[in-house]
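Listing of target-v9.cif, mmCIF, N, CA and C atoms
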```
data_structure
#
loop_
_atom_site.label_atom_id
_atom_site.label_comp_id
_atom_site.auth_asym_id
_atom_site.auth_seq_id
_atom_site.Cartn_x
_atom_site.Cartn_y
_atom_site.Cartn_z
N MET P 1 55.61 121.12 74.44
CA MET P 1 55.87 120.07 75.41
C MET P 1 57.36 120.10 75.77
N THR P 2 57.67 120.05 77.04
CA THR P 2 59.05 120.05 77.47
C THR P 2 59.44 118.67 77.97
N GLU P 3 60.72 118.36 77.76
CA GLU P 3 61.24 117.08 78.23
C GLU P 3 61.62 117.21 79.69
N GLN P 4 61.17 116.28 80.50
CA GLN P 4 61.47 116.32 81.92
C GLN P 4 62.72 115.52 82.18
N VAL P 5 63.70 116.14 82.84
CA VAL P 5 64.96 115.49 83.17
C VAL P 5 65.01 115.36 84.68
N GLU P 6 65.35 114.19 85.14
CA GLU P 6 65.33 113.90 86.57
C GLU P 6 66.54 114.50 87.28
N THR P 7 66.32 115.07 88.43
CA THR P 7 67.39 115.57 89.28
C THR P 7 67.45 114.66 90.51
N THR P 8 68.67 114.22 90.86
CA THR P 8 68.78 113.28 91.96
C THR P 8 70.00 113.57 92.83
N THR P 9 69.90 113.30 94.11
CA THR P 9 71.04 113.39 95.01
C THR P 9 71.23 112.08 95.75
N GLU P 10 70.27 111.18 95.65
CA GLU P 10 70.40 109.88 96.31
C GLU P 10 71.17 108.92 95.42
N HIS P 11 71.67 107.84 96.01
CA HIS P 11 72.41 106.84 95.24
C HIS P 11 71.42 105.93 94.51
N ARG P 12 71.51 105.90 93.20
CA ARG P 12 70.62 105.07 92.40
C ARG P 12 71.35 103.81 91.97
N THR P 13 70.67 102.69 92.00
CA THR P 13 71.27 101.44 91.55
C THR P 13 70.89 101.10 90.12
N ASP P 14 69.96 101.85 89.54
CA ASP P 14 69.50 101.57 88.18
C ASP P 14 70.07 102.54 87.15
N GLN P 15 71.00 103.38 87.55
CA GLN P 15 71.62 104.34 86.62
C GLN P 15 72.91 104.85 87.22
N ILE P 16 73.57 105.72 86.50
CA ILE P 16 74.83 106.32 86.95
C ILE P 16 74.54 107.34 88.05
N ASN P 17 75.53 107.56 88.90
CA ASN P 17 75.44 108.55 89.97
C ASN P 17 76.61 109.51 89.83
N LEU P 18 76.39 110.77 90.11
CA LEU P 18 77.43 111.79 90.08
C LEU P 18 77.44 112.47 91.44
N SER P 19 78.58 112.42 92.12
CA SER P 19 78.66 113.02 93.45
C SER P 19 78.55 114.54 93.34
N PRO P 20 78.13 115.20 94.42
CA PRO P 20 78.08 116.67 94.40
C PRO P 20 79.44 117.30 94.11
N VAL P 21 80.52 116.69 94.59
CA VAL P 21 81.87 117.22 94.33
C VAL P 21 82.19 117.12 92.84
N ALA P 22 81.87 115.98 92.23
CA ALA P 22 82.11 115.80 90.80
C ALA P 22 81.24 116.76 89.98
N ALA P 23 79.99 116.93 90.38
CA ALA P 23 79.10 117.86 89.67
C ALA P 23 79.65 119.28 89.72
N SER P 24 80.17 119.67 90.87
CA SER P 24 80.76 121.00 91.01
C SER P 24 81.98 121.16 90.11
N LYS P 25 82.80 120.12 90.02
CA LYS P 25 84.00 120.18 89.17
C LYS P 25 83.60 120.26 87.70
N VAL P 26 82.60 119.49 87.29
CA VAL P 26 82.13 119.54 85.91
C VAL P 26 81.61 120.93 85.58
N LYS P 27 80.81 121.52 86.49
CA LYS P 27 80.30 122.88 86.28
C LYS P 27 81.45 123.86 86.10
N SER P 28 82.48 123.73 86.93
CA SER P 28 83.64 124.61 86.86
C SER P 28 84.35 124.47 85.52
N LEU P 29 84.52 123.25 85.05
CA LEU P 29 85.18 123.02 83.76
C LEU P 29 84.37 123.60 82.61
N LEU P 30 83.06 123.44 82.68
CA LEU P 30 82.20 123.99 81.63
C LEU P 30 82.24 125.51 81.63
N GLU P 31 82.28 126.12 82.82
CA GLU P 31 82.38 127.58 82.90
C GLU P 31 83.70 128.06 82.31
N GLN P 32 84.79 127.33 82.56
CA GLN P 32 86.09 127.69 81.98
C GLN P 32 86.05 127.62 80.46
N GLU P 33 85.30 126.65 79.93
CA GLU P 33 85.17 126.51 78.48
C GLU P 33 84.21 127.55 77.89
N GLY P 34 83.39 128.16 78.75
CA GLY P 34 82.41 129.11 78.27
C GLY P 34 81.27 128.45 77.51
N ARG P 35 80.98 127.20 77.87
CA ARG P 35 79.94 126.43 77.18
C ARG P 35 78.91 125.96 78.19
N ASP P 36 77.64 126.16 77.85
CA ASP P 36 76.59 125.62 78.69
C ASP P 36 75.71 124.64 77.91
N ASP P 37 76.17 124.32 76.69
CA ASP P 37 75.42 123.39 75.84
C ASP P 37 76.01 121.98 75.84
N LEU P 38 76.99 121.73 76.69
CA LEU P 38 77.65 120.43 76.72
C LEU P 38 77.18 119.60 77.89
N ALA P 39 77.20 118.29 77.70
CA ALA P 39 76.88 117.33 78.76
C ALA P 39 78.11 116.46 78.99
N LEU P 40 78.20 115.90 80.18
CA LEU P 40 79.26 114.94 80.47
C LEU P 40 78.80 113.58 79.98
N ARG P 41 79.50 113.04 78.99
CA ARG P 41 79.17 111.72 78.46
C ARG P 41 80.12 110.71 79.10
N ILE P 42 79.52 109.62 79.60
CA ILE P 42 80.29 108.54 80.21
C ILE P 42 79.96 107.28 79.43
N SER P 43 81.00 106.62 78.93
CA SER P 43 80.77 105.40 78.17
C SER P 43 81.79 104.34 78.54
N VAL P 44 81.47 103.13 78.16
CA VAL P 44 82.35 101.98 78.36
C VAL P 44 82.74 101.50 76.97
N GLN P 45 84.04 101.36 76.74
CA GLN P 45 84.56 100.94 75.45
C GLN P 45 85.49 99.75 75.62
N PRO P 46 85.60 98.90 74.59
CA PRO P 46 86.59 97.82 74.66
C PRO P 46 87.99 98.41 74.73
N GLY P 47 88.85 97.80 75.51
CA GLY P 47 90.23 98.26 75.59
C GLY P 47 90.83 98.05 76.96
N GLY P 48 92.09 98.38 77.08
CA GLY P 48 92.81 98.22 78.34
C GLY P 48 93.18 96.77 78.58
N CYS P 49 94.00 96.54 79.56
CA CYS P 49 94.48 95.18 79.82
C CYS P 49 93.43 94.29 80.47
N SER P 50 92.35 94.86 81.02
CA SER P 50 91.29 94.04 81.61
C SER P 50 90.09 93.86 80.69
N GLY P 51 90.09 94.50 79.53
CA GLY P 51 89.03 94.27 78.57
C GLY P 51 88.11 95.44 78.29
N LEU P 52 87.81 96.26 79.31
CA LEU P 52 86.91 97.41 79.14
C LEU P 52 87.53 98.63 79.79
N ARG P 53 87.24 99.79 79.22
CA ARG P 53 87.73 101.04 79.82
C ARG P 53 86.66 102.11 79.75
N TYR P 54 86.74 103.03 80.70
CA TYR P 54 85.79 104.14 80.77
C TYR P 54 86.27 105.29 79.88
N GLN P 55 85.30 106.02 79.34
CA GLN P 55 85.58 107.27 78.66
C GLN P 55 84.66 108.33 79.24
N LEU P 56 85.24 109.45 79.64
CA LEU P 56 84.49 110.60 80.12
C LEU P 56 84.89 111.78 79.26
N PHE P 57 83.91 112.44 78.67
CA PHE P 57 84.21 113.60 77.84
C PHE P 57 82.96 114.46 77.71
N PHE P 58 83.17 115.70 77.32
CA PHE P 58 82.05 116.60 77.09
C PHE P 58 81.54 116.39 75.68
N ASP P 59 80.22 116.38 75.55
CA ASP P 59 79.61 116.09 74.26
C ASP P 59 78.41 117.02 74.06
N GLU P 60 78.25 117.50 72.84
CA GLU P 60 77.09 118.34 72.53
C GLU P 60 75.99 117.55 71.84
N ARG P 61 76.28 116.27 71.52
CA ARG P 61 75.31 115.43 70.82
C ARG P 61 74.45 114.66 71.81
N THR P 62 73.26 114.31 71.36
CA THR P 62 72.41 113.35 72.05
C THR P 62 72.04 112.30 71.02
N LEU P 63 72.34 111.05 71.33
CA LEU P 63 72.09 109.96 70.40
C LEU P 63 70.83 109.21 70.77
N ASP P 64 70.24 108.53 69.82
CA ASP P 64 69.06 107.72 70.06
C ASP P 64 69.38 106.66 71.11
N GLY P 65 68.58 106.57 72.14
CA GLY P 65 68.79 105.58 73.19
C GLY P 65 69.61 106.08 74.37
N ASP P 66 70.11 107.33 74.31
CA ASP P 66 70.88 107.89 75.43
C ASP P 66 69.99 108.07 76.65
N ALA P 67 70.56 107.80 77.81
CA ALA P 67 69.90 108.12 79.08
C ALA P 67 70.55 109.40 79.60
N VAL P 68 69.72 110.41 79.82
CA VAL P 68 70.21 111.71 80.30
C VAL P 68 69.67 111.94 81.70
N THR P 69 70.57 112.25 82.63
CA THR P 69 70.19 112.53 84.01
C THR P 69 70.80 113.86 84.42
N ASP P 70 70.05 114.65 85.15
CA ASP P 70 70.53 115.94 85.63
C ASP P 70 70.97 115.82 87.08
N PHE P 71 72.16 116.32 87.36
CA PHE P 71 72.70 116.35 88.72
C PHE P 71 73.04 117.80 89.05
N GLY P 72 72.09 118.50 89.65
CA GLY P 72 72.32 119.88 90.04
C GLY P 72 72.73 120.79 88.90
N GLY P 73 72.09 120.62 87.76
CA GLY P 73 72.40 121.46 86.61
C GLY P 73 73.46 120.87 85.68
N VAL P 74 74.00 119.72 86.00
CA VAL P 74 74.97 119.04 85.14
C VAL P 74 74.27 117.85 84.49
N SER P 75 74.23 117.86 83.16
CA SER P 75 73.63 116.74 82.43
C SER P 75 74.68 115.66 82.22
N VAL P 76 74.32 114.44 82.59
CA VAL P 76 75.18 113.28 82.39
C VAL P 76 74.48 112.37 81.40
N VAL P 77 75.20 111.97 80.36
CA VAL P 77 74.65 111.17 79.28
C VAL P 77 75.36 109.82 79.25
N VAL P 78 74.57 108.75 79.18
CA VAL P 78 75.10 107.39 79.06
C VAL P 78 74.41 106.75 77.86
N ASP P 79 75.20 106.18 76.95
CA ASP P 79 74.61 105.53 75.79
C ASP P 79 73.99 104.19 76.17
N ARG P 80 73.13 103.71 75.31
CA ARG P 80 72.35 102.50 75.57
C ARG P 80 73.24 101.27 75.81
N MET P 81 74.35 101.15 75.14
CA MET P 81 75.23 99.98 75.31
C MET P 81 76.02 100.04 76.63
N SER P 82 76.35 101.24 77.08
CA SER P 82 77.15 101.39 78.31
C SER P 82 76.30 101.32 79.57
N GLY P 83 75.01 101.60 79.44
CA GLY P 83 74.12 101.65 80.60
C GLY P 83 74.21 100.46 81.52
N PRO P 84 74.12 99.23 81.01
CA PRO P 84 74.18 98.07 81.91
C PRO P 84 75.51 97.94 82.68
N TYR P 85 76.60 98.40 82.07
CA TYR P 85 77.90 98.35 82.74
C TYR P 85 78.03 99.40 83.83
N LEU P 86 77.22 100.47 83.74
CA LEU P 86 77.37 101.62 84.64
C LEU P 86 76.26 101.76 85.66
N SER P 87 75.26 100.88 85.64
CA SER P 87 74.17 100.98 86.61
C SER P 87 74.69 100.85 88.03
N GLY P 88 74.40 101.85 88.84
CA GLY P 88 74.83 101.86 90.23
C GLY P 88 76.22 102.43 90.45
N ALA P 89 76.94 102.74 89.37
CA ALA P 89 78.29 103.30 89.49
C ALA P 89 78.22 104.75 89.95
N THR P 90 79.24 105.18 90.68
CA THR P 90 79.31 106.55 91.17
C THR P 90 80.57 107.23 90.64
N ILE P 91 80.37 108.38 90.00
CA ILE P 91 81.47 109.19 89.52
C ILE P 91 81.76 110.23 90.60
N ASP P 92 83.01 110.32 91.01
CA ASP P 92 83.41 111.29 92.03
C ASP P 92 84.62 112.05 91.51
N PHE P 93 85.01 113.08 92.22
CA PHE P 93 86.22 113.82 91.89
C PHE P 93 87.06 113.93 93.15
N VAL P 94 88.32 113.54 93.05
CA VAL P 94 89.23 113.64 94.18
C VAL P 94 90.32 114.65 93.85
N ASP P 95 90.74 115.36 94.87
CA ASP P 95 91.81 116.35 94.73
C ASP P 95 92.66 116.28 95.98
N THR P 96 93.61 115.36 95.96
CA THR P 96 94.50 115.16 97.11
C THR P 96 95.94 115.31 96.64
N ILE P 97 96.86 115.24 97.57
CA ILE P 97 98.27 115.33 97.22
C ILE P 97 98.72 114.11 96.41
N GLU P 98 98.03 112.98 96.63
CA GLU P 98 98.39 111.76 95.91
C GLU P 98 97.82 111.71 94.50
N LYS P 99 96.59 112.19 94.33
CA LYS P 99 95.99 112.14 93.00
C LYS P 99 94.89 113.17 92.85
N GLN P 100 94.66 113.52 91.59
CA GLN P 100 93.60 114.45 91.26
C GLN P 100 92.90 113.95 90.01
N GLY P 101 91.58 113.91 90.05
CA GLY P 101 90.83 113.52 88.88
C GLY P 101 89.53 112.84 89.23
N PHE P 102 88.82 112.46 88.18
CA PHE P 102 87.56 111.76 88.36
C PHE P 102 87.82 110.30 88.67
N THR P 103 87.02 109.74 89.56
CA THR P 103 87.10 108.33 89.90
C THR P 103 85.74 107.70 89.64
N ILE P 104 85.75 106.40 89.39
CA ILE P 104 84.51 105.67 89.16
C ILE P 104 84.48 104.47 90.09
N ASP P 105 83.49 104.45 90.96
CA ASP P 105 83.26 103.30 91.84
C ASP P 105 82.13 102.51 91.20
N ASN P 106 82.47 101.36 90.61
CA ASN P 106 81.50 100.60 89.83
C ASN P 106 81.27 99.22 90.45
N PRO P 107 80.09 98.97 90.99
CA PRO P 107 79.80 97.66 91.59
C PRO P 107 79.71 96.54 90.55
N ASN P 108 79.62 96.89 89.27
CA ASN P 108 79.54 95.89 88.21
C ASN P 108 80.89 95.37 87.76
N ALA P 109 81.97 96.04 88.15
CA ALA P 109 83.31 95.63 87.73
C ALA P 109 83.74 94.42 88.54
N GLY P 110 84.06 93.34 87.85
CA GLY P 110 84.52 92.13 88.52
C GLY P 110 85.95 92.22 88.99
N GLY P 111 86.70 93.11 88.42
CA GLY P 111 88.10 93.32 88.77
C GLY P 111 88.68 94.37 87.86
N SER P 112 89.88 94.81 88.17
CA SER P 112 90.53 95.82 87.34
C SER P 112 92.01 95.49 87.22
N CYS P 113 92.67 96.18 86.31
CA CYS P 113 94.09 95.95 86.12
C CYS P 113 94.87 96.68 87.21
N ALA P 114 96.17 96.43 87.28
CA ALA P 114 97.00 97.03 88.32
C ALA P 114 97.04 98.55 88.21
N CYS P 115 96.98 99.06 87.00
CA CYS P 115 97.04 100.52 86.84
C CYS P 115 95.69 101.18 87.10
N GLY P 116 94.62 100.37 87.19
CA GLY P 116 93.29 100.92 87.48
C GLY P 116 92.64 101.61 86.30
N ASP P 117 93.22 101.45 85.10
CA ASP P 117 92.70 102.12 83.92
C ASP P 117 91.60 101.35 83.23
N SER P 118 91.49 100.05 83.48
CA SER P 118 90.46 99.27 82.82
C SER P 118 89.86 98.25 83.80
N PHE P 119 88.75 97.63 83.40
CA PHE P 119 88.06 96.70 84.28
C PHE P 119 87.45 95.58 83.46
N HIS P 120 86.93 94.58 84.15
CA HIS P 120 86.17 93.50 83.49
C HIS P 120 84.98 93.13 84.35
#
```
Show this structure as structure tokens.
Amino acid sequence: MTEQVETTTEHRTDQINLSPVAASKVKSLLEQEGRDDLALRISVQPGGCSGLRYQLFFDERTLDGDAVTDFGGVSVVVDRMSGPYLSGATIDFVDTIEKQGFTIDNPNAGGSCACGDSFH
């Protein structure tokens, strides 16, 4: 029996979303690492001046209660506690002269700090 993982390109309001640009960047980073067994884990942790902060990192583990979604061959993992904070959020990647990196557009965030590093 094989586990079925959903592939999506539409904007979902009941789970995390990964833009095609972000998915491409994640694939590129994984290729540079020479690893195809890692997933992008996105979590919400206490911290920052607004109370909560995002963590994005590559992880080889799958924990009980994790939600795993496939975006064009990129597995994104969200733990059970972070899921409600991230439902409908979109992870994107920007590469401009002003800034470069992953961004998170989260409709659940009531506000953020001036530095944009944390939210509530």
Just to confirm, what's the straight-line distance from atom C of Thr90 in chain P to atom N of Pro107 in chain P in Å (one decimal)?
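So the answer is 8.3 Å.
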Evaluate the PyMOL selection byres (((chain P and resi 31-37 and name CA) around 10) and name CA) against this structure - the residues, as an MDAnalysis selection string, please.
chainID P and resid 25:30 38:39 58:61 73:75
What's around Ser87 in chain P at 9 Å? Count only C-alpha atoms, leave out sequence neighbours fewer than 2 positions away in its own chain, and write the answer as a list in words.
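The residues that qualify are Arg12, Thr13, Asp14, Gln15, Ile16, Asn17, Ser82, Gly83, Pro84, Tyr85, Ala89, Thr90, Asn106, Pro107 and Asn108 of chain P.
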Store the residues picked out above in a file with N, CA and C atoms, as a PDB file, in the coordinates of the input.
```pdb
ATOM      1  N   ARG P  12      71.510 105.900  93.200  1.00  0.00           N
ATOM      2  CA  ARG P  12      70.620 105.070  92.400  1.00  0.00           C
ATOM      3  C   ARG P  12      71.350 103.810  91.970  1.00  0.00           C
ATOM      4  N   THR P  13      70.670 102.690  92.000  1.00  0.00           N
ATOM      5  CA  THR P  13      71.270 101.440  91.550  1.00  0.00           C
ATOM      6  C   THR P  13      70.890 101.100  90.120  1.00  0.00           C
ATOM      7  N   ASP P  14      69.960 101.850  89.540  1.00  0.00           N
ATOM      8  CA  ASP P  14      69.500 101.570  88.180  1.00  0.00           C
ATOM      9  C   ASP P  14      70.070 102.540  87.150  1.00  0.00           C
ATOM     10  N   GLN P  15      71.000 103.380  87.550  1.00  0.00           N
ATOM     11  CA  GLN P  15      71.620 104.340  86.620  1.00  0.00           C
ATOM     12  C   GLN P  15      72.910 104.850  87.220  1.00  0.00           C
ATOM     13  N   ILE P  16      73.570 105.720  86.500  1.00  0.00           N
ATOM     14  CA  ILE P  16      74.830 106.320  86.950  1.00  0.00           C
ATOM     15  C   ILE P  16      74.540 107.340  88.050  1.00  0.00           C
ATOM     16  N   ASN P  17      75.530 107.560  88.900  1.00  0.00           N
ATOM     17  CA  ASN P  17      75.440 108.550  89.970  1.00  0.00           C
ATOM     18  C   ASN P  17      76.610 109.510  89.830  1.00  0.00           C
ATOM     19  N   SER P  82      76.350 101.240  77.080  1.00  0.00           N
ATOM     20  CA  SER P  82      77.150 101.390  78.310  1.00  0.00           C
ATOM     21  C   SER P  82      76.300 101.320  79.570  1.00  0.00           C
ATOM     22  N   GLY P  83      75.010 101.600  79.440  1.00  0.00           N
ATOM     23  CA  GLY P  83      74.120 101.650  80.600  1.00  0.00           C
ATOM     24  C   GLY P  83      74.210 100.460  81.520  1.00  0.00           C
ATOM     25  N   PRO P  84      74.120  99.230  81.010  1.00  0.00           N
ATOM     26  CA  PRO P  84      74.180  98.070  81.910  1.00  0.00           C
ATOM     27  C   PRO P  84      75.510  97.940  82.680  1.00  0.00           C
ATOM     28  N   TYR P  85      76.600  98.400  82.070  1.00  0.00           N
ATOM     29  CA  TYR P  85      77.900  98.350  82.740  1.00  0.00           C
ATOM     30  C   TYR P  85      78.030  99.400  83.830  1.00  0.00           C
ATOM     31  N   ALA P  89      76.940 102.740  89.370  1.00  0.00           N
ATOM     32  CA  ALA P  89      78.290 103.300  89.490  1.00  0.00           C
ATOM     33  C   ALA P  89      78.220 104.750  89.950  1.00  0.00           C
ATOM     34  N   THR P  90      79.240 105.180  90.680  1.00  0.00           N
ATOM     35  CA  THR P  90      79.310 106.550  91.170  1.00  0.00           C
ATOM     36  C   THR P  90      80.570 107.230  90.640  1.00  0.00           C
ATOM     37  N   ASN P 106      82.470 101.360  90.610  1.00  0.00           N
ATOM     38  CA  ASN P 106      81.500 100.600  89.830  1.00  0.00           C
ATOM     39  C   ASN P 106      81.270  99.220  90.450  1.00  0.00           C
ATOM     40  N   PRO P 107      80.090  98.970  90.990  1.00  0.00           N
ATOM     41  CA  PRO P 107      79.800  97.660  91.590  1.00  0.00           C
ATOM     42  C   PRO P 107      79.710  96.540  90.550  1.00  0.00           C
ATOM     43  N   ASN P 108      79.620  96.890  89.270  1.00  0.00           N
ATOM     44  CA  ASN P 108      79.540  95.890  88.210  1.00  0.00           C
ATOM     45  C   ASN P 108      80.890  95.370  87.760  1.00  0.00           C
TER      46      ASN P 108
END
```
Range 91-101 of chain P: which residues within 5 Å, counting all atoms listed in the file, same-chain residues fewer than 4 positions away excluded, as a ChimeraX atom specification?
/P:17-19,21-22
Residues of the last selection are to be written out with N, CA and C atoms, as a PDB file, keeping the file's coordinate frame.
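Result went into out.pdb, see below:
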```pdb
ATOM      1  N   ASN P  17      75.530 107.560  88.900  1.00  0.00           N
ATOM      2  CA  ASN P  17      75.440 108.550  89.970  1.00  0.00           C
ATOM      3  C   ASN P  17      76.610 109.510  89.830  1.00  0.00           C
ATOM      4  N   LEU P  18      76.390 110.770  90.110  1.00  0.00           N
ATOM      5  CA  LEU P  18      77.430 111.790  90.080  1.00  0.00           C
ATOM      6  C   LEU P  18      77.440 112.470  91.440  1.00  0.00           C
ATOM      7  N   SER P  19      78.580 112.420  92.120  1.00  0.00           N
ATOM      8  CA  SER P  19      78.660 113.020  93.450  1.00  0.00           C
ATOM      9  C   SER P  19      78.550 114.540  93.340  1.00  0.00           C
ATOM     10  N   VAL P  21      80.520 116.690  94.590  1.00  0.00           N
ATOM     11  CA  VAL P  21      81.870 117.220  94.330  1.00  0.00           C
ATOM     12  C   VAL P  21      82.190 117.120  92.840  1.00  0.00           C
ATOM     13  N   ALA P  22      81.870 115.980  92.230  1.00  0.00           N
ATOM     14  CA  ALA P  22      82.110 115.800  90.800  1.00  0.00           C
ATOM     15  C   ALA P  22      81.240 116.760  89.980  1.00  0.00           C
TER      16      ALA P  22
END
```
Which residue gives the smallest distance to Leu40 in chain P among P:Ala23, P:Gly110, P:Val78, P:Gly72, with only N, CA and C atoms counted?
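With only N, CA and C atoms as the atom set, the closest residue is P:Val78.
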In Å, with one decimal, what is the gap from CA of Pro20 in chain P to CA of Ala109 in chain P?
22.7 Å
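The two atoms in question, atom C of Phe57 in chain P and atom C of Ser43 in chain P, are spaced 10.2 Å apart.
With distances restricted to only N, CA and C atoms, P:Val44 is the closest residue to Met81 in chain P from P:Val44, P:Ser24, P:Thr62, P:Asp105.
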Determine the residue membership of the PyMOL selection byres (((chain P and resi 56 and name CA) around 6) and name CA) for the file above and supply it as number ranges by chain.
P: 41-42, 55, 57
For the helix (DSSP H, G or I) assignment from backbone DSSP, which residues of range 34-108 of chain P qualify? Please present them as a list in words.
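Checking each residue of range 34-108 of chain P, the helix (DSSP H, G or I) ones are Gly83, Pro84, Tyr85 and Leu86 of chain P.
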Using DSSP secondary structure from the backbone, list all strand (DSSP E) positions within range 11-114 of chain P, as a PyMOL selection string.
chain P and resi 17-18+39-46+52-59+67-71+74-78+90-95+100-105
